[in-house]
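Presented below is the structure to which this report refers.
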Amino acid sequence: MTTIIAHRGFAGVTPENTVGAVRVAADRADRVEIDVVACGDGTPVVFHDARLDAGADSRGVTDGSGAVADLPSEAVTDAVVLGSGQRVPTLARLLARTTGPLDVELKSPGAGTDPRGSLPPADRDIARERWQPFVDRVLELVGGRDARFSSFSEGALAAVRERDATASLAPLCTDLGTGRELAVRYDAGSIHPSLPALRAADRVPTDRTVNVWTVRTWVEARAAVDAGADGLIADYPGLTRWLGGRDVES
């Protein structure tokens, strides 16, 4: 059975990373993926881009402006997502108003550079220490909720493992070899590669769950499963309907 993880709360059909999106997606997915970043005051908020408005790699998905890492939480949570009436939530608010399993992607602990992938041994403690205060706040808020923590950043994975030896982890990667390396180093039960990374891999790990991002069409869903994916991190519900009888929705 293919696991379905609603990417940002099924971002293709809902205002992404909002309370409303998570509520809707919880009824149509096995898990819901959200992005968590730090505001200027350190408050964890559920948001993907570096900026509220367009600029650099940010898409301009709210009516607010400015870099999230430079703004107080009040300014960030006042922003409306894509004209939907749904505002950017704090992590605390989203957790209080939703139920169900979550995949929490740790995006950024604040302003500054954030190296991705596997780090040299000399840099790992520095990266973990930078992430630790933010990760500690996130872990305290999540508490006993069923949650798996993912990140492209080794520092984030190390910070979670530093505080919780049993937390569920999933390295995000664009190279499956790097993902497996980090999974072994931090005893992660899952790996989250991109679809191109999975299809390019010589061997897909069988000792860990492999969930592929970001799946947007039924053709990509079929390709991911054929390549060895256990789960799909998907923008839309219903993408498993045409998987050749392996997992057909009723």
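FYI, nothing fancy with the structure tokens labels: chains A, B, ... in order, residues from 1 per chain, ligands from 1 as they appear.
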
Close residues, Gly9 (chain A) itself excluded, 7 Å, only C-alpha atoms, min 3 positions apart in chain, as a PyMOL selection string = chain A and resi 6+14+16-17+21-22+25+32-34

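The two atoms in question, CA of Val104 (chain A) and CA of Asp202 (chain A), are spaced 28.4 Å apart.
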
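Using only C-alpha atoms, the nearest neighbour of Val210 (chain A) within the list A:Ala223, A:Ser58, A:Ala170, A:Ala234 is A:Ala170.
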
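Summary of the local environment: counting only C-alpha atoms, residues at most 9 Å from Asp230 (chain A), other than itself and those fewer than 2 positions away along its chain, are Met1, Thr2, Thr3, Thr209, Val210, Asn211, Val212, Ala224, Val225, Gly228 and Leu232 of chain A.
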
Requested write-out: N, CA and C atoms of the selected residues, as a PDB file, in the first residue's frame:
```pdb
ATOM      1  N   MET A   1       0.844  -1.191   0.000  1.00  0.00           N
ATOM      2  CA  MET A   1       0.000   0.000   0.000  1.00  0.00           C
ATOM      3  C   MET A   1       0.888   1.253   0.000  1.00  0.00           C
ATOM      4  N   THR A   2       0.709   2.111  -0.968  1.00  0.00           N
ATOM      5  CA  THR A   2       1.504   3.325  -1.067  1.00  0.00           C
ATOM      6  C   THR A   2       1.018   4.365  -0.066  1.00  0.00           C
ATOM      7  N   THR A   3       1.929   4.897   0.731  1.00  0.00           N
ATOM      8  CA  THR A   3       1.597   5.940   1.694  1.00  0.00           C
ATOM      9  C   THR A   3       1.490   7.287   0.982  1.00  0.00           C
ATOM     10  N   THR A 209      12.220   3.434   4.899  1.00  0.00           N
ATOM     11  CA  THR A 209      11.092   3.885   4.097  1.00  0.00           C
ATOM     12  C   THR A 209      11.544   5.012   3.169  1.00  0.00           C
ATOM     13  N   VAL A 210      11.172   4.923   1.902  1.00  0.00           N
ATOM     14  CA  VAL A 210      11.550   5.935   0.911  1.00  0.00           C
ATOM     15  C   VAL A 210      10.290   6.644   0.435  1.00  0.00           C
ATOM     16  N   ASN A 211      10.187   7.935   0.766  1.00  0.00           N
ATOM     17  CA  ASN A 211       9.042   8.759   0.368  1.00  0.00           C
ATOM     18  C   ASN A 211       9.530   9.844  -0.592  1.00  0.00           C
ATOM     19  N   VAL A 212       8.904   9.955  -1.749  1.00  0.00           N
ATOM     20  CA  VAL A 212       9.415  10.783  -2.850  1.00  0.00           C
ATOM     21  C   VAL A 212       8.645  12.100  -2.964  1.00  0.00           C
ATOM     22  N   ALA A 224       7.244   7.002  -9.633  1.00  0.00           N
ATOM     23  CA  ALA A 224       7.859   6.908  -8.310  1.00  0.00           C
ATOM     24  C   ALA A 224       7.702   5.513  -7.728  1.00  0.00           C
ATOM     25  N   VAL A 225       6.499   4.961  -7.825  1.00  0.00           N
ATOM     26  CA  VAL A 225       6.265   3.620  -7.294  1.00  0.00           C
ATOM     27  C   VAL A 225       7.062   2.585  -8.078  1.00  0.00           C
ATOM     28  N   GLY A 228      10.549   2.344  -6.920  1.00  0.00           N
ATOM     29  CA  GLY A 228      10.782   1.781  -5.595  1.00  0.00           C
ATOM     30  C   GLY A 228      10.310   2.609  -4.429  1.00  0.00           C
ATOM     31  N   LEU A 232       4.426   8.732  -1.359  1.00  0.00           N
ATOM     32  CA  LEU A 232       4.426   9.888  -2.254  1.00  0.00           C
ATOM     33  C   LEU A 232       4.129  11.143  -1.456  1.00  0.00           C
TER      34      LEU A 232
END
```

inquiry  = Which residues are close to Arg28 (chain A), i.e. within 9 Å by only C-alpha atoms, leaving aside same-chain residues fewer than 2 positions away? Reply as a list of chain:residue names.
reply    = A:Ile4, A:Ala6, A:Val24, A:Ala25, A:Ala26, A:Asp30, A:Arg31, A:Pro237, A:Gly238

request  = Do a neighbour search on region 61-64 of chain A at 8 Å with only C-alpha atoms, toss out local chain neighbours closer than 5 positions, and write the hits as a ChimeraX atom specification.
outcome  = /A:52-54,75-76,78-83

How would the residues just picked look written out with all heavy atoms as a CSV table (one decimal), in the first residue's frame?
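again_31.csv was written with the following content:
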```csv
chain,number,residue,atom,x,y,z
A,52,LEU,N,7.8,36.8,2.7
A,52,LEU,CA,6.3,36.8,2.6
A,52,LEU,C,5.9,37.3,1.2
A,52,LEU,O,4.9,36.9,0.6
A,52,LEU,CB,5.7,37.8,3.6
A,52,LEU,CG,5.8,37.3,5.1
A,52,LEU,CD1,5.2,38.4,6.0
A,52,LEU,CD2,5.2,36.0,5.3
A,53,ASP,N,6.7,38.2,0.6
A,53,ASP,CA,6.5,38.7,-0.8
A,53,ASP,C,7.4,38.1,-1.7
A,53,ASP,O,8.3,37.2,-1.4
A,53,ASP,CB,6.6,40.2,-0.8
A,53,ASP,CG,7.9,40.7,-0.2
A,53,ASP,OD1,8.7,39.9,0.4
A,53,ASP,OD2,8.3,41.9,-0.4
A,54,ALA,N,7.3,38.4,-3.0
A,54,ALA,CA,8.2,37.9,-4.0
A,54,ALA,C,9.6,38.5,-4.0
A,54,ALA,O,9.7,39.6,-3.6
A,54,ALA,CB,7.6,38.1,-5.4
A,75,ALA,N,3.8,40.1,12.7
A,75,ALA,CA,3.8,40.6,11.3
A,75,ALA,C,3.6,39.4,10.4
A,75,ALA,O,2.9,39.5,9.4
A,75,ALA,CB,5.1,41.3,11.0
A,76,VAL,N,4.3,38.3,10.7
A,76,VAL,CA,4.2,37.1,9.8
A,76,VAL,C,2.8,36.5,9.9
A,76,VAL,O,2.2,36.2,8.8
A,76,VAL,CB,5.2,36.0,10.2
A,76,VAL,CG1,5.1,34.8,9.4
A,76,VAL,CG2,6.7,36.6,10.1
A,78,ASP,N,0.0,37.8,10.5
A,78,ASP,CA,-1.0,38.7,10.0
A,78,ASP,C,-1.1,38.6,8.5
A,78,ASP,O,-2.1,39.1,7.9
A,78,ASP,CB,-0.7,40.2,10.4
A,78,ASP,CG,-1.8,41.1,10.1
A,78,ASP,OD1,-3.0,40.8,10.5
A,78,ASP,OD2,-1.6,42.2,9.5
A,79,ALA,N,-0.2,37.9,7.8
A,79,ALA,CA,-0.2,37.8,6.4
A,79,ALA,C,-1.2,36.7,5.9
A,79,ALA,O,-1.3,35.6,6.5
A,79,ALA,CB,1.2,37.4,5.9
A,80,VAL,N,-2.0,37.0,4.9
A,80,VAL,CA,-3.0,36.1,4.3
A,80,VAL,C,-2.4,35.4,3.1
A,80,VAL,O,-1.7,36.0,2.3
A,80,VAL,CB,-4.2,36.9,3.9
A,80,VAL,CG1,-5.3,36.0,3.2
A,80,VAL,CG2,-4.9,37.6,5.1
A,81,VAL,N,-2.6,34.1,3.1
A,81,VAL,CA,-2.0,33.2,2.1
A,81,VAL,C,-2.9,33.2,0.8
A,81,VAL,O,-4.1,32.8,0.9
A,81,VAL,CB,-1.9,31.8,2.6
A,81,VAL,CG1,-1.3,30.9,1.5
A,81,VAL,CG2,-0.9,31.8,3.8
A,82,LEU,N,-2.4,33.7,-0.3
A,82,LEU,CA,-3.0,33.6,-1.6
A,82,LEU,C,-4.5,34.1,-1.6
A,82,LEU,O,-5.3,33.5,-2.3
A,82,LEU,CB,-2.9,32.1,-2.1
A,82,LEU,CG,-1.5,31.6,-2.4
A,82,LEU,CD1,-1.5,30.1,-2.6
A,82,LEU,CD2,-0.9,32.3,-3.6
A,83,GLY,N,-4.8,35.1,-0.9
A,83,GLY,CA,-6.1,35.7,-0.9
A,83,GLY,C,-7.2,34.7,-0.4
A,83,GLY,O,-8.4,34.9,-0.6
```

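Using only C-alpha atoms for every distance, the candidate list A:Ala221, A:Ala29, A:Val138, A:Ala165 yields A:Val138 as the residue closest to Leu106 (chain A).
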
Give me, as a PDB file with N, CA and C atoms, in the first residue's frame, all polymer residues having an atom no more than 9 Å from Ser73 (chain A), counting only C-alpha atoms and skipping those fewer than 4 positions away in the same chain.
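Wrote selection18.pdb, looks like this:
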```
ATOM      1  N   ALA A  38      11.776  29.916  11.450  1.00  0.00           N
ATOM      2  CA  ALA A  38      11.831  30.816  12.593  1.00  0.00           C
ATOM      3  C   ALA A  38      11.608  32.255  12.160  1.00  0.00           C
ATOM      4  N   CYS A  39      10.759  32.955  12.890  1.00  0.00           N
ATOM      5  CA  CYS A  39      10.617  34.410  12.712  1.00  0.00           C
ATOM      6  C   CYS A  39      11.817  35.110  13.357  1.00  0.00           C
ATOM      7  N   GLY A  40      11.822  36.437  13.248  1.00  0.00           N
ATOM      8  CA  GLY A  40      12.903  37.204  13.837  1.00  0.00           C
ATOM      9  C   GLY A  40      12.992  37.067  15.340  1.00  0.00           C
ATOM     10  N   ASP A  41      11.856  36.798  16.014  1.00  0.00           N
ATOM     11  CA  ASP A  41      11.861  36.611  17.461  1.00  0.00           C
ATOM     12  C   ASP A  41      12.015  35.145  17.862  1.00  0.00           C
ATOM     13  N   GLY A  42      12.272  34.271  16.878  1.00  0.00           N
ATOM     14  CA  GLY A  42      12.489  32.855  17.157  1.00  0.00           C
ATOM     15  C   GLY A  42      11.250  31.998  17.154  1.00  0.00           C
ATOM     16  N   THR A  43      10.076  32.608  17.029  1.00  0.00           N
ATOM     17  CA  THR A  43       8.831  31.844  17.047  1.00  0.00           C
ATOM     18  C   THR A  43       8.738  30.944  15.823  1.00  0.00           C
ATOM     19  N   PRO A  44       8.459  29.651  15.996  1.00  0.00           N
ATOM     20  CA  PRO A  44       8.259  28.774  14.835  1.00  0.00           C
ATOM     21  C   PRO A  44       6.924  29.059  14.160  1.00  0.00           C
ATOM     22  N   VAL A  45       6.971  29.314  12.863  1.00  0.00           N
ATOM     23  CA  VAL A  45       5.757  29.523  12.080  1.00  0.00           C
ATOM     24  C   VAL A  45       5.747  28.526  10.925  1.00  0.00           C
ATOM     25  N   VAL A  68      10.949  36.594   6.457  1.00  0.00           N
ATOM     26  CA  VAL A  68      10.371  36.008   7.666  1.00  0.00           C
ATOM     27  C   VAL A  68      11.369  36.058   8.819  1.00  0.00           C
ATOM     28  N   THR A  77       2.244  36.343  11.048  1.00  0.00           N
ATOM     29  CA  THR A  77       0.940  35.687  11.190  1.00  0.00           C
ATOM     30  C   THR A  77      -0.227  36.591  10.814  1.00  0.00           C
ATOM     31  N   ASP A  78       0.049  37.841  10.515  1.00  0.00           N
ATOM     32  CA  ASP A  78      -0.986  38.729   9.994  1.00  0.00           C
ATOM     33  C   ASP A  78      -1.140  38.599   8.488  1.00  0.00           C
ATOM     34  N   THR A  90       1.262  30.243  13.455  1.00  0.00           N
ATOM     35  CA  THR A  90       2.373  29.750  14.259  1.00  0.00           C
ATOM     36  C   THR A  90       2.257  28.237  14.333  1.00  0.00           C
TER      37      THR A  90
END
```

message = Could you list, as number ranges by chain, every residue within 6 Å of region 147-154 of chain A, counting only C-alpha atoms and ignoring same-chain residues fewer than 2 positions away?
response = A: 101-106, 116-117, 145, 156-157, 168-172

Write the residues you've just listed into a file as a compact mmCIF listing (two decimals), in the first residue's frame, and include C-alpha atoms for each of them.
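Here's the written file out05.txt:
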```txt
# COMPACT_ATOMS: atom_id res chain seq x y z
CA PRO A 101 0.26 12.58 11.89
CA LEU A 102 2.61 15.26 10.60
CA ASP A 103 5.84 15.42 8.64
CA VAL A 104 7.59 18.55 9.90
CA GLU A 105 10.19 19.94 7.53
CA LEU A 106 12.69 22.09 9.40
CA ARG A 116 22.67 21.46 3.00
CA GLY A 117 23.65 17.84 2.71
CA ARG A 145 2.06 14.44 18.53
CA ALA A 156 18.70 20.20 11.92
CA LEU A 157 18.79 16.40 11.93
CA SER A 168 11.44 9.86 13.71
CA LEU A 169 13.80 11.46 11.18
CA ALA A 170 13.93 11.69 7.40
CA PRO A 171 16.80 13.36 5.51
CA LEU A 172 15.60 15.28 2.44
```

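Atom pair CA of Glu140 (chain A) / CA of Ala158 (chain A) has a distance of 16.3 Å (rounded to one decimal).
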
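Using only C-alpha atoms, the shortest contact distance between Gly20 (chain A) and any of A:Pro72, A:Pro193, A:Pro89, A:Gly55 is found at A:Pro89.
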